[in-house]
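K.L.:
Below is the file start-v1.tsv, with TSV, C-alpha atoms.
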chain	number	residue	atom	x	y	z
A	1	MET	CA	53.20	-20.77	-61.74
A	2	ARG	CA	51.92	-18.58	-64.58
A	3	ILE	CA	50.34	-15.37	-63.29
A	4	LEU	CA	48.62	-12.35	-64.83
A	5	VAL	CA	48.80	-9.04	-62.96
A	6	THR	CA	46.31	-6.38	-64.02
A	7	GLY	CA	47.54	-2.88	-63.21
A	8	GLY	CA	51.03	-4.37	-63.18
A	9	ALA	CA	52.73	-1.15	-64.31
A	10	GLY	CA	51.48	0.80	-61.28
A	11	ALA	CA	53.30	1.35	-58.01
A	12	ILE	CA	52.10	-1.71	-56.12
A	13	GLY	CA	51.69	-3.81	-59.24
A	14	SER	CA	55.23	-3.32	-60.52
A	15	HIS	CA	56.74	-4.21	-57.14
A	16	LEU	CA	54.51	-7.29	-57.03
A	17	VAL	CA	55.59	-8.34	-60.54
A	18	GLU	CA	59.25	-8.10	-59.55
A	19	ALA	CA	58.72	-10.16	-56.41
A	20	LEU	CA	56.84	-12.88	-58.31
A	21	LEU	CA	59.52	-13.05	-60.99
A	22	ALA	CA	62.26	-13.22	-58.35
A	23	ARG	CA	60.73	-16.33	-56.82
A	24	GLY	CA	60.39	-18.10	-60.17
A	25	ASP	CA	56.87	-17.38	-61.40
A	26	GLU	CA	56.12	-16.52	-65.03
A	27	VAL	CA	54.34	-13.16	-65.00
A	28	ALA	CA	52.41	-11.22	-67.63
A	29	VAL	CA	51.13	-7.68	-67.15
A	30	LEU	CA	47.88	-6.08	-68.30
A	31	ASP	CA	47.75	-2.29	-68.01
A	32	SER	CA	45.92	0.55	-69.74
A	33	PHE	CA	48.56	3.23	-69.02
A	34	HIS	CA	45.73	5.57	-68.02
A	35	ALA	CA	46.63	9.25	-68.27
A	36	PHE	CA	45.94	9.87	-64.56
A	37	TYR	CA	49.69	10.31	-64.29
A	38	PRO	CA	52.49	10.32	-66.90
A	39	ARG	CA	53.02	7.17	-68.92
A	40	ALA	CA	56.78	7.55	-68.50
A	41	CYS	CA	56.40	6.84	-64.77
A	42	LYS	CA	54.77	3.49	-65.44
A	43	GLU	CA	57.26	2.65	-68.18
A	44	ARG	CA	60.08	3.18	-65.66
A	45	ASN	CA	58.26	1.03	-63.12
A	46	LEU	CA	58.28	-1.92	-65.51
A	47	GLU	CA	61.83	-1.61	-66.84
A	48	PRO	CA	63.44	-4.10	-64.42
A	49	SER	CA	60.75	-6.73	-65.02
A	50	ARG	CA	60.61	-6.53	-68.81
A	51	ALA	CA	64.23	-7.64	-69.00
A	52	HIS	CA	63.60	-10.72	-66.84
A	53	ARG	CA	63.67	-14.11	-68.57
A	54	LEU	CA	60.35	-15.13	-66.97
A	55	PHE	CA	58.46	-11.98	-67.99
A	56	ALA	CA	55.59	-13.28	-70.13
A	57	GLY	CA	54.57	-10.10	-71.90
A	58	LEU	CA	52.86	-6.72	-71.54
A	59	TYR	CA	49.29	-6.44	-72.77
A	60	GLU	CA	48.04	-2.88	-73.09
A	61	GLY	CA	44.32	-2.28	-73.00
A	62	ASP	CA	41.18	-1.55	-71.01
A	63	ILE	CA	39.82	-4.01	-68.44
A	64	ARG	CA	36.29	-3.10	-69.55
A	65	ASP	CA	37.01	-4.39	-73.07
A	66	GLU	CA	35.70	-7.95	-73.00
A	67	ALA	CA	37.31	-8.99	-76.29
A	68	PHE	CA	40.69	-7.65	-75.19
A	69	VAL	CA	40.56	-9.29	-71.76
A	70	ARG	CA	39.38	-12.61	-73.25
A	71	GLU	CA	42.19	-12.55	-75.82
A	72	THR	CA	44.78	-11.70	-73.15
A	73	LEU	CA	43.66	-14.58	-70.95
A	74	SER	CA	43.75	-16.92	-73.97
A	75	ARG	CA	47.33	-15.91	-74.81
A	76	VAL	CA	48.69	-15.87	-71.26
A	77	GLU	CA	46.79	-18.91	-69.94
A	78	PRO	CA	47.33	-17.86	-66.32
A	79	GLU	CA	46.75	-20.18	-63.40
A	80	SER	CA	46.03	-17.19	-61.20
A	81	VAL	CA	45.26	-13.48	-61.55
A	82	PHE	CA	46.15	-10.54	-59.34
A	83	HIS	CA	43.55	-7.89	-60.15
A	84	LEU	CA	45.00	-4.50	-59.19
A	85	ALA	CA	43.83	-2.40	-62.15
A	86	ALA	CA	41.45	0.37	-61.08
A	87	ARG	CA	40.85	4.09	-60.98
A	88	ALA	CA	42.50	5.04	-57.69
A	89	GLY	CA	42.06	7.88	-55.22
A	90	VAL	CA	39.34	9.08	-52.88
A	91	ARG	CA	39.20	12.74	-53.83
A	92	PRO	CA	39.27	12.31	-57.64
A	93	SER	CA	36.42	9.81	-57.33
A	94	VAL	CA	34.22	12.58	-55.93
A	95	GLU	CA	34.82	14.55	-59.14
A	96	GLU	CA	34.46	11.59	-61.53
A	97	PRO	CA	32.09	9.08	-59.89
A	98	LEU	CA	30.71	7.67	-63.14
A	99	ASP	CA	34.15	6.84	-64.50
A	100	TYR	CA	35.17	5.24	-61.21
A	101	ALA	CA	32.03	3.12	-61.19
A	102	ASP	CA	32.54	2.06	-64.78
A	103	VAL	CA	36.21	1.12	-64.46
A	104	ASN	CA	36.21	-0.32	-60.95
A	105	LEU	CA	32.89	-2.15	-61.02
A	106	ARG	CA	32.44	-3.14	-64.66
A	107	GLY	CA	36.17	-3.71	-65.11
A	108	THR	CA	36.31	-6.01	-62.10
A	109	ALA	CA	33.25	-7.89	-63.33
A	110	VAL	CA	34.81	-8.40	-66.76
A	111	VAL	CA	38.22	-9.52	-65.47
A	112	SER	CA	36.85	-11.88	-62.83
A	113	THR	CA	34.04	-13.40	-64.89
A	114	LEU	CA	36.27	-14.09	-67.88
A	115	SER	CA	39.03	-15.39	-65.60
A	116	ALA	CA	36.64	-17.91	-64.07
A	117	ALA	CA	35.47	-18.96	-67.53
A	118	ALA	CA	39.10	-19.39	-68.65
A	119	GLY	CA	39.81	-21.83	-65.82
A	120	VAL	CA	41.85	-19.52	-63.59
A	121	SER	CA	42.16	-21.25	-60.22
A	122	ARG	CA	42.44	-18.17	-58.00
A	123	LEU	CA	41.91	-14.42	-58.22
A	124	ILE	CA	43.42	-11.93	-55.76
A	125	PHE	CA	41.54	-8.61	-55.68
A	126	ALA	CA	43.10	-5.34	-54.53
A	127	SER	CA	40.45	-3.81	-52.30
A	128	SER	CA	40.94	-0.88	-49.93
A	129	SER	CA	40.63	0.30	-46.35
A	130	THR	CA	38.14	2.87	-47.68
A	131	VAL	CA	35.45	0.15	-47.61
A	132	TYR	CA	35.18	0.80	-43.84
A	133	GLY	CA	33.98	4.36	-44.48
A	134	GLU	CA	32.60	6.14	-41.43
A	135	ASN	CA	33.11	3.16	-39.12
A	136	ALA	CA	34.71	4.79	-36.06
A	137	ALA	CA	35.38	1.52	-34.22
A	138	THR	CA	39.10	1.21	-34.97
A	139	PRO	CA	41.09	-0.92	-35.34
A	140	TRP	CA	38.99	-2.15	-38.22
A	141	SER	CA	38.53	-5.91	-38.47
A	142	GLU	CA	37.45	-7.76	-41.58
A	143	ASP	CA	34.07	-8.51	-39.99
A	144	GLY	CA	33.46	-4.84	-39.14
A	145	ASP	CA	30.80	-2.53	-40.57
A	146	THR	CA	31.28	-1.62	-44.26
A	147	SER	CA	27.90	-0.03	-44.87
A	148	SER	CA	28.86	3.68	-44.84
A	149	GLN	CA	31.47	4.52	-47.48
A	150	MET	CA	32.54	8.15	-47.62
A	151	SER	CA	33.51	8.28	-51.31
A	152	PRO	CA	32.59	6.72	-54.65
A	153	TYR	CA	36.03	5.06	-54.65
A	154	GLY	CA	35.30	3.25	-51.38
A	155	ALA	CA	31.88	2.26	-52.66
A	156	THR	CA	33.35	0.77	-55.85
A	157	LYS	CA	35.84	-1.29	-53.87
A	158	ARG	CA	33.13	-2.65	-51.59
A	159	GLY	CA	30.99	-3.30	-54.64
A	160	GLY	CA	33.83	-5.25	-56.19
A	161	GLU	CA	34.08	-7.43	-53.10
A	162	LEU	CA	30.36	-8.17	-53.15
A	163	PHE	CA	30.41	-9.04	-56.85
A	164	LEU	CA	33.33	-11.40	-56.29
A	165	TYR	CA	31.56	-13.07	-53.39
A	166	GLY	CA	28.62	-13.81	-55.66
A	167	LEU	CA	30.90	-15.00	-58.46
A	168	ARG	CA	32.75	-17.33	-56.12
A	169	ARG	CA	29.45	-18.98	-55.21
A	170	ALA	CA	28.81	-19.64	-58.90
A	171	SER	CA	32.28	-20.82	-59.99
A	172	ASP	CA	35.25	-22.96	-58.97
A	173	MET	CA	37.65	-19.99	-58.79
A	174	ALA	CA	38.96	-19.16	-55.32
A	175	VAL	CA	38.79	-15.43	-54.50
A	176	THR	CA	40.79	-13.41	-51.98
A	177	CYS	CA	40.09	-9.70	-51.30
A	178	LEU	CA	42.96	-7.69	-49.81
A	179	ARG	CA	42.09	-4.43	-48.10
A	180	PHE	CA	45.20	-2.29	-48.56
A	181	PHE	CA	45.85	0.44	-45.99
A	182	SER	CA	47.55	3.67	-47.21
A	183	VAL	CA	50.33	2.10	-49.26
A	184	TYR	CA	53.44	4.24	-49.73
A	185	GLY	CA	57.00	3.84	-50.94
A	186	PRO	CA	59.04	4.17	-54.13
A	187	ARG	CA	57.01	4.52	-57.36
A	188	GLN	CA	53.90	5.83	-55.60
A	189	ARG	CA	51.61	8.09	-57.57
A	190	PRO	CA	52.74	11.73	-57.85
A	191	ASP	CA	49.36	12.99	-56.58
A	192	LEU	CA	49.81	11.49	-53.10
A	193	VAL	CA	50.89	13.28	-49.94
A	194	LEU	CA	54.55	12.24	-49.69
A	195	PRO	CA	55.54	13.18	-53.26
A	196	ILE	CA	53.51	16.41	-53.14
A	197	PHE	CA	54.83	17.55	-49.76
A	198	THR	CA	58.42	16.61	-50.59
A	199	ARG	CA	58.34	18.57	-53.82
A	200	LEU	CA	56.73	21.62	-52.20
A	201	MET	CA	59.23	21.64	-49.35
A	202	LEU	CA	62.16	21.41	-51.78
A	203	GLU	CA	60.65	24.33	-53.71
A	204	GLY	CA	60.12	26.39	-50.56
A	205	GLN	CA	56.33	26.44	-50.93
A	206	LYS	CA	53.54	26.11	-48.40
A	207	LEU	CA	52.12	22.70	-47.55
A	208	PRO	CA	48.32	22.70	-48.07
A	209	ILE	CA	47.14	20.59	-45.13
A	210	LEU	CA	43.46	19.65	-45.35
A	211	GLY	CA	42.49	19.56	-41.69
A	212	ASP	CA	44.45	20.28	-38.52
A	213	GLY	CA	47.23	17.71	-39.00
A	214	THR	CA	45.89	15.30	-36.38
A	215	GLN	CA	44.29	12.97	-38.93
A	216	GLU	CA	45.84	9.50	-38.83
A	217	ARG	CA	46.66	6.97	-41.55
A	218	ASP	CA	47.80	3.38	-41.21
A	219	LEU	CA	50.73	3.94	-43.57
A	220	THR	CA	52.01	0.63	-44.92
A	221	TYR	CA	55.24	0.24	-46.87
A	222	VAL	CA	54.88	-1.28	-50.33
A	223	ASP	CA	57.26	-4.18	-49.64
A	224	ASP	CA	55.10	-5.30	-46.73
A	225	ILE	CA	51.97	-5.08	-48.88
A	226	VAL	CA	53.60	-7.20	-51.61
A	227	ASP	CA	54.72	-9.79	-49.05
A	228	GLY	CA	51.18	-10.03	-47.69
A	229	ALA	CA	49.66	-10.27	-51.17
A	230	ILE	CA	51.90	-13.17	-52.16
A	231	ARG	CA	51.22	-14.97	-48.90
A	232	ALA	CA	47.49	-14.58	-49.50
A	233	HIS	CA	47.87	-15.87	-53.06
A	234	ASP	CA	49.71	-18.98	-51.95
A	235	ARG	CA	47.08	-19.79	-49.32
A	236	ALA	CA	44.02	-18.92	-51.40
A	237	GLY	CA	40.91	-21.04	-51.04
A	238	ASP	CA	37.16	-20.47	-51.26
A	239	PHE	CA	36.49	-16.77	-50.42
A	240	GLN	CA	38.80	-14.84	-48.09
A	241	VAL	CA	39.16	-11.22	-46.96
A	242	TYR	CA	42.29	-9.82	-45.29
A	243	ASN	CA	43.41	-6.43	-44.05
A	244	LEU	CA	46.96	-5.58	-45.08
A	245	GLY	CA	48.20	-2.67	-42.97
A	246	ARG	CA	50.64	-2.06	-40.12
A	247	GLY	CA	48.09	-1.64	-37.35
A	248	ARG	CA	49.95	1.45	-36.14
A	249	PRO	CA	48.53	4.66	-37.60
A	250	ALA	CA	50.63	7.81	-37.86
A	251	ARG	CA	49.43	11.40	-37.51
A	252	LEU	CA	49.93	13.63	-40.52
A	253	ASP	CA	51.90	16.14	-38.45
A	254	ARG	CA	54.31	13.30	-37.48
A	255	VAL	CA	54.79	12.45	-41.15
A	256	ILE	CA	55.64	16.10	-41.84
A	257	GLU	CA	58.15	16.08	-38.97
A	258	LEU	CA	59.89	13.08	-40.52
A	259	LEU	CA	59.99	14.84	-43.90
A	260	GLU	CA	61.55	17.87	-42.22
A	261	SER	CA	64.21	15.63	-40.70
A	262	GLU	CA	64.94	13.86	-44.00
A	263	LEU	CA	65.11	17.05	-46.06
A	264	GLY	CA	66.64	19.35	-43.49
A	265	ILE	CA	63.90	21.87	-44.29
A	266	ALA	CA	61.28	23.41	-42.00
A	267	ALA	CA	57.80	22.94	-43.45
A	268	ASP	CA	55.65	26.02	-44.02
A	269	ARG	CA	52.25	24.66	-43.01
A	270	GLN	CA	49.02	26.10	-44.40
A	271	TYR	CA	45.95	24.61	-42.68
A	272	LEU	CA	42.79	24.39	-44.80
A	273	PRO	CA	39.30	22.92	-44.29
A	274	ALA	CA	39.20	19.13	-44.33
A	275	HIS	CA	37.88	17.35	-47.43
A	276	GLY	CA	34.43	15.87	-46.93
A	277	ALA	CA	35.46	12.44	-48.27
A	278	ASP	CA	38.51	12.10	-46.01
A	279	ILE	CA	38.38	9.66	-43.10
A	280	PRO	CA	39.78	11.05	-39.80
A	281	ARG	CA	41.56	7.83	-38.80
A	282	THR	CA	42.39	4.52	-40.42
A	283	CYS	CA	43.76	1.60	-38.45
A	284	ALA	CA	43.90	-2.05	-39.45
A	285	SER	CA	43.43	-5.08	-37.31
A	286	ILE	CA	45.92	-7.49	-38.90
A	287	GLU	CA	45.34	-10.45	-36.59
A	288	ARG	CA	43.57	-12.48	-39.27
A	289	ALA	CA	46.41	-12.00	-41.76
A	290	ARG	CA	49.02	-12.59	-39.08
A	291	THR	CA	47.40	-15.85	-37.98
A	292	ALA	CA	46.35	-17.25	-41.36
A	293	LEU	CA	49.20	-15.97	-43.54
A	294	GLY	CA	52.13	-15.35	-41.22
A	295	TYR	CA	51.93	-11.70	-42.29
A	296	SER	CA	54.19	-9.46	-40.20
A	297	PRO	CA	54.95	-5.98	-41.60
A	298	ASP	CA	58.45	-4.99	-40.53
A	299	VAL	CA	59.26	-1.67	-42.27
A	300	ASP	CA	58.81	1.11	-39.73
A	301	LEU	CA	57.68	4.60	-40.66
A	302	GLU	CA	61.12	6.19	-40.34
A	303	GLU	CA	62.76	3.69	-42.68
A	304	GLY	CA	59.87	3.79	-45.11
A	305	ILE	CA	59.87	7.57	-45.40
A	306	HIS	CA	63.66	7.61	-45.74
A	307	ASN	CA	63.45	5.18	-48.68
A	308	THR	CA	60.55	7.06	-50.26
A	309	VAL	CA	62.22	10.47	-50.05
A	310	ALA	CA	65.44	9.03	-51.50
A	311	TRP	CA	63.45	7.71	-54.46
A	312	ILE	CA	61.62	11.01	-54.97
A	313	ARG	CA	64.91	12.90	-55.02
A	314	GLU	CA	66.40	10.39	-57.44
A	315	GLN	CA	63.47	10.89	-59.84
A	316	ALA	CA	63.86	14.66	-59.66
A	317	ALA	CA	67.61	14.58	-60.37
Rewrite the structure of this file - the entire thing - as structure tokens.
P.N.:
Amino acid sequence: MRILVTGGAGAIGSHLVEALLARGDEVAVLDSFHAFYPRACKERNLEPSRAHRLFAGLYEGDIRDEAFVRETLSRVEPESVFHLAARAGVRPSVEEPLDYADVNLRGTAVVSTLSAAAGVSRLIFASSSTVYGENAATPWSEDGDTSSQMSPYGATKRGGELFLYGLRRASDMAVTCLRFFSVYGPRQRPDLVLPIFTRLMLEGQKLPILGDGTQERDLTYVDDIVDGAIRAHDRAGDFQVYNLGRGRPARLDRVIELLESELGIAADRQYLPAHGADIPRTCASIERARTALGYSPDVDLEEGIHNTVAWIREQAA
């Protein structure tokens, strides 16, 4: 199958591209190389894939640029599209809400509308657990309340889902929305907790903990996310929504304990006021994905953090 992955040079996207190539798909990548973090990181992410015989090209540009997206679709002629490109992050979205709305909402509208017009048979959209917002009734199920987002980022992801639902009703393109839960692992963005805390501990600096350390995240290893995304792609039809998480949230203080064990360094914790856009607890119900897709995340937290720390150290060497 011929597939286009938007945001394919990012952490999740580059792992997804490799997995698709490994199973025999032709894969092209669209990415803007946004300056949110260094271009060199994304270039390294793509190195293994660009040498693959089935790699169908890298197209650099903005998903809001209709002419560029239309031309890319014309050249690639994909049968399906994984749409992962977006401005990411809860806290930065509070500082730049207009940019997040423009990229995540308009960009999704451009990619999906032009994909449908180009005859793409299925589109897989990278949504987020942040769509559940202030919903305290965990574990969160796909039919749960999504009316109270706590950040512009969460609102743009829910908005993207709603747009795609409307588009599906007006086109023949099947749409699947995947709500990713706290993805971590090698290649993750340098602004996230594991890279930041690992670096600070290695440098002997304090860890700035926003809150009291009891906040919980349904940390999900990138390989499990990629497995779930491909399963959802292969079973796409009509309009579907799936949670992709582990269903077993971990407290932040437990994550720090595992970092201490991996690094052999005692963390110097500095507790600060919680951020207003942070959610106290995220936890996925994965029964729908388990039943419909055979999704079964199998990388436990200890193994995942071990692999992630090893990668961080390798990058720093």
K.L.:
Here is a test: counting only C-alpha atoms, which residue of A:Leu293, A:Leu4, A:Ala11, A:Ala137 is nearest to A:Asp223?
P.N.:
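Smallest separation from A:Asp223 among the options: A:Ala11.
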K.L.:
Can you report as lines of an AutoDock Vina configuration file the centre and edge lengths in Å, to one decimal, of an axis-aligned box around the listed atoms of stretch 28-35 of chain A padded with 3 Å on each side?
P.N.:
center_x = 49.1
center_y = -1.0
center_z = -68.4
size_x = 12.7
size_y = 26.5
size_z = 8.6
K.L.:
Just to confirm, what's the straight-line distance from atom CA of A:Thr198 to atom CA of A:Glu262 in Å (one decimal)?
P.N.:
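Atom CA of A:Glu262 lies at a distance of 9.7 Å from atom CA of A:Thr198.
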K.L.:
For A:Val27, which residue among A:Ile256, A:Met1, A:Ala56, A:Val299 is the nearest when counting all atoms listed in the file?
P.N.:
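Among A:Ile256, A:Met1, A:Ala56, A:Val299, it is A:Ala56 that comes nearest to A:Val27.
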K.L.:
Find the spatial neighbours of A:Glu287, counting only C-alpha atoms, within a cut-off of 10 Å - ignore same-chain residues fewer than 3 positions away - and output them as a list in words.
P.N.:
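After dropping sequence-adjacent residues, the list is Ser141, Glu142, Tyr242, Asn243, Leu244, Gly247, Ala284, Arg290, Thr291, Ala292, Leu293, Gly294, Tyr295 and Ser296 of chain A.
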K.L.:
Do a neighbour search on stretch 96-101 of chain A at 9 Å with only C-alpha atoms, toss out local chain neighbours closer than 2 positions, and write the hits as an NGL selection string.
P.N.:
:A and (86-88 or 92-94 or 103-107 or 151-153 or 155-156)
K.L.:
Please provide as a VMD selection string all residues within 10 Å of A:Gln315, with the sequence filter that same-chain residues fewer than 4 positions apart are discarded (counting all atoms listed in the file).
P.N.:
chain A and resid 41 186 to 187 309 to 311
K.L.:
Separation of atom CA of A:Pro48 and atom CA of A:Ile12, in Å?
P.N.:
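These two atoms are separated by 14.3 Å.
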K.L.:
So how many Å separate atom CA of A:Asn135 and atom CA of A:Glu216, to one decimal?
P.N.:
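About the pair atom CA of A:Asn135 and atom CA of A:Glu216: they are 14.2 Å apart.
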K.L.:
Tell me which residues come within 6 Å of (48.5, -7.7, -72.9), as a list in words, counting all atoms listed in the file in the file's coordinates.
P.N.:
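The residues that fall inside the cut-off are Leu30, Leu58, Tyr59, Glu60 and Thr72 of chain A.
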K.L.:
Of the candidates A:Val29, A:Ala136, A:Leu263, A:Leu252, which shows the shortest atom-to-atom distance to A:Leu73, using only C-alpha atoms?
P.N.:
A:Val29
K.L.:
Smallest atom-to-atom distance to A:Asp31: which of A:Val5, A:Cys283, A:Ala170, A:Leu16, using all atoms listed in the file?
P.N.:
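For A:Asp31, the nearest of the given residues is A:Val5.
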K.L.:
Residues at most 12 Å from A:Ala40, counting only C-alpha atoms, excluding those fewer than 6 positions away in the same chain, as a list in words?
P.N.:
Ala9, Gly10, Phe33, His34, Leu46, Glu47, Arg187 and Gln315 of chain A
K.L.:
Store the residues of this selection in a file with C-alpha atoms, as a short mmCIF file (atom, residue, chain, number, x, y, z; two decimals), keeping the file's coordinate frame.
P.N.:
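Full text of out21.cif as output:
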data_model
loop_
_atom_site.label_atom_id
_atom_site.label_comp_id
_atom_site.auth_asym_id
_atom_site.auth_seq_id
_atom_site.Cartn_x
_atom_site.Cartn_y
_atom_site.Cartn_z
CA ALA A 9 52.73 -1.15 -64.31
CA GLY A 10 51.48 0.80 -61.28
CA PHE A 33 48.56 3.23 -69.02
CA HIS A 34 45.73 5.57 -68.02
CA LEU A 46 58.28 -1.92 -65.51
CA GLU A 47 61.83 -1.61 -66.84
CA ARG A 187 57.01 4.52 -57.36
CA GLN A 315 63.47 10.89 -59.84
#
K.L.:
If you count all atoms listed in the file, which residues fall within 9 Å of A:Ser112, apart from same-chain ones fewer than 4 positions away, as a list in words?
P.N.:
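So the residues in contact are Val81, His83, Gly107, Thr108, Ala116, Ala117, Leu123, Leu164 and Leu167 of chain A.
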K.L.:
Looking at A:Arg288, A:Lys157, A:Arg246, A:Arg313, which one is nearest to A:Met201, with distances taken over only C-alpha atoms?
P.N.:
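Of all the options, A:Arg313 lies closest to A:Met201.
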K.L.:
Would you mind telling me which residue in A:Asp212, A:Asp102, A:Glu95, A:Glu303 lies nearest to A:Arg269 when using all atoms listed in the file?
P.N.:
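Result for the nearest residue to A:Arg269: A:Asp212.
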K.L.:
For a quick check of your reading of the model, name the residues lying within 10 Å of the coordinate (43.6, 3.0, -47.1), counting all atoms listed in the file, and write them as a list in words.
P.N.:
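Result, sorted by chain then residue number: Gly89, Val90, Ser127, Ser128, Ser129, Thr130, Val131, Tyr132, Gly154, Arg179, Phe180, Phe181, Ser182, Val183, Arg217, Asp218, Leu219, Thr220, Asn243, Leu244, Gly245, Ile279, Arg281, Thr282, Cys283 and Ala284 of chain A.
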K.L.:
Would you save the residues of that selection, restricted to C-alpha atoms, as a PDB file, in the coordinates of the input?
P.N.:
ATOM      1  CA  GLY A  89      42.060   7.880 -55.220  1.00  0.00           C
ATOM      2  CA  VAL A  90      39.340   9.080 -52.880  1.00  0.00           C
ATOM      3  CA  SER A 127      40.450  -3.810 -52.300  1.00  0.00           C
ATOM      4  CA  SER A 128      40.940  -0.880 -49.930  1.00  0.00           C
ATOM      5  CA  SER A 129      40.630   0.300 -46.350  1.00  0.00           C
ATOM      6  CA  THR A 130      38.140   2.870 -47.680  1.00  0.00           C
ATOM      7  CA  VAL A 131      35.450   0.150 -47.610  1.00  0.00           C
ATOM      8  CA  TYR A 132      35.180   0.800 -43.840  1.00  0.00           C
ATOM      9  CA  GLY A 154      35.300   3.250 -51.380  1.00  0.00           C
ATOM     10  CA  ARG A 179      42.090  -4.430 -48.100  1.00  0.00           C
ATOM     11  CA  PHE A 180      45.200  -2.290 -48.560  1.00  0.00           C
ATOM     12  CA  PHE A 181      45.850   0.440 -45.990  1.00  0.00           C
ATOM     13  CA  SER A 182      47.550   3.670 -47.210  1.00  0.00           C
ATOM     14  CA  VAL A 183      50.330   2.100 -49.260  1.00  0.00           C
ATOM     15  CA  ARG A 217      46.660   6.970 -41.550  1.00  0.00           C
ATOM     16  CA  ASP A 218      47.800   3.380 -41.210  1.00  0.00           C
ATOM     17  CA  LEU A 219      50.730   3.940 -43.570  1.00  0.00           C
ATOM     18  CA  THR A 220      52.010   0.630 -44.920  1.00  0.00           C
ATOM     19  CA  ASN A 243      43.410  -6.430 -44.050  1.00  0.00           C
ATOM     20  CA  LEU A 244      46.960  -5.580 -45.080  1.00  0.00           C
ATOM     21  CA  GLY A 245      48.200  -2.670 -42.970  1.00  0.00           C
ATOM     22  CA  ILE A 279      38.380   9.660 -43.100  1.00  0.00           C
ATOM     23  CA  ARG A 281      41.560   7.830 -38.800  1.00  0.00           C
ATOM     24  CA  THR A 282      42.390   4.520 -40.420  1.00  0.00           C
ATOM     25  CA  CYS A 283      43.760   1.600 -38.450  1.00  0.00           C
ATOM     26  CA  ALA A 284      43.900  -2.050 -39.450  1.00  0.00           C
TER      27      ALA A 284
END
K.L.:
As a PDB file, in the frame of the given file, please: stretch 176-188 of chain A completed to N, CA and C atoms.
P.N.:
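Generated file (out.pdb):
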ATOM      1  N   THR A 176      40.286 -14.052 -53.194  1.00  0.00           N
ATOM      2  CA  THR A 176      40.790 -13.410 -51.980  1.00  0.00           C
ATOM      3  C   THR A 176      40.756 -11.899 -52.191  1.00  0.00           C
ATOM      4  N   CYS A 177      40.142 -11.169 -51.256  1.00  0.00           N
ATOM      5  CA  CYS A 177      40.090  -9.700 -51.300  1.00  0.00           C
ATOM      6  C   CYS A 177      41.060  -9.156 -50.260  1.00  0.00           C
ATOM      7  N   LEU A 178      41.957  -8.288 -50.692  1.00  0.00           N
ATOM      8  CA  LEU A 178      42.960  -7.690 -49.810  1.00  0.00           C
ATOM      9  C   LEU A 178      42.651  -6.215 -49.619  1.00  0.00           C
ATOM     10  N   ARG A 179      42.379  -5.824 -48.404  1.00  0.00           N
ATOM     11  CA  ARG A 179      42.090  -4.430 -48.100  1.00  0.00           C
ATOM     12  C   ARG A 179      43.391  -3.711 -47.748  1.00  0.00           C
ATOM     13  N   PHE A 180      43.935  -3.000 -48.740  1.00  0.00           N
ATOM     14  CA  PHE A 180      45.200  -2.290 -48.560  1.00  0.00           C
ATOM     15  C   PHE A 180      44.982  -1.022 -47.739  1.00  0.00           C
ATOM     16  N   PHE A 181      45.915  -0.756 -46.828  1.00  0.00           N
ATOM     17  CA  PHE A 181      45.850   0.440 -45.990  1.00  0.00           C
ATOM     18  C   PHE A 181      46.988   1.395 -46.360  1.00  0.00           C
ATOM     19  N   SER A 182      46.648   2.531 -46.970  1.00  0.00           N
ATOM     20  CA  SER A 182      47.550   3.670 -47.210  1.00  0.00           C
ATOM     21  C   SER A 182      48.955   3.229 -47.611  1.00  0.00           C
ATOM     22  N   VAL A 183      49.046   2.608 -48.777  1.00  0.00           N
ATOM     23  CA  VAL A 183      50.330   2.100 -49.260  1.00  0.00           C
ATOM     24  C   VAL A 183      51.219   3.261 -49.714  1.00  0.00           C
ATOM     25  N   TYR A 184      52.483   3.211 -49.301  1.00  0.00           N
ATOM     26  CA  TYR A 184      53.440   4.240 -49.730  1.00  0.00           C
ATOM     27  C   TYR A 184      54.773   3.581 -50.011  1.00  0.00           C
ATOM     28  N   GLY A 185      55.671   4.349 -50.619  1.00  0.00           N
ATOM     29  CA  GLY A 185      57.000   3.840 -50.940  1.00  0.00           C
ATOM     30  C   GLY A 185      57.418   4.287 -52.326  1.00  0.00           C
ATOM     31  N   PRO A 186      58.588   3.840 -52.785  1.00  0.00           N
ATOM     32  CA  PRO A 186      59.040   4.170 -54.130  1.00  0.00           C
ATOM     33  C   PRO A 186      58.006   3.817 -55.188  1.00  0.00           C
ATOM     34  N   ARG A 187      57.910   4.663 -56.206  1.00  0.00           N
ATOM     35  CA  ARG A 187      57.010   4.520 -57.360  1.00  0.00           C
ATOM     36  C   ARG A 187      55.582   4.974 -57.070  1.00  0.00           C
ATOM     37  N   GLN A 188      55.287   5.472 -55.854  1.00  0.00           N
ATOM     38  CA  GLN A 188      53.900   5.830 -55.600  1.00  0.00           C
ATOM     39  C   GLN A 188      53.472   7.007 -56.473  1.00  0.00           C
TER      40      GLN A 188
END
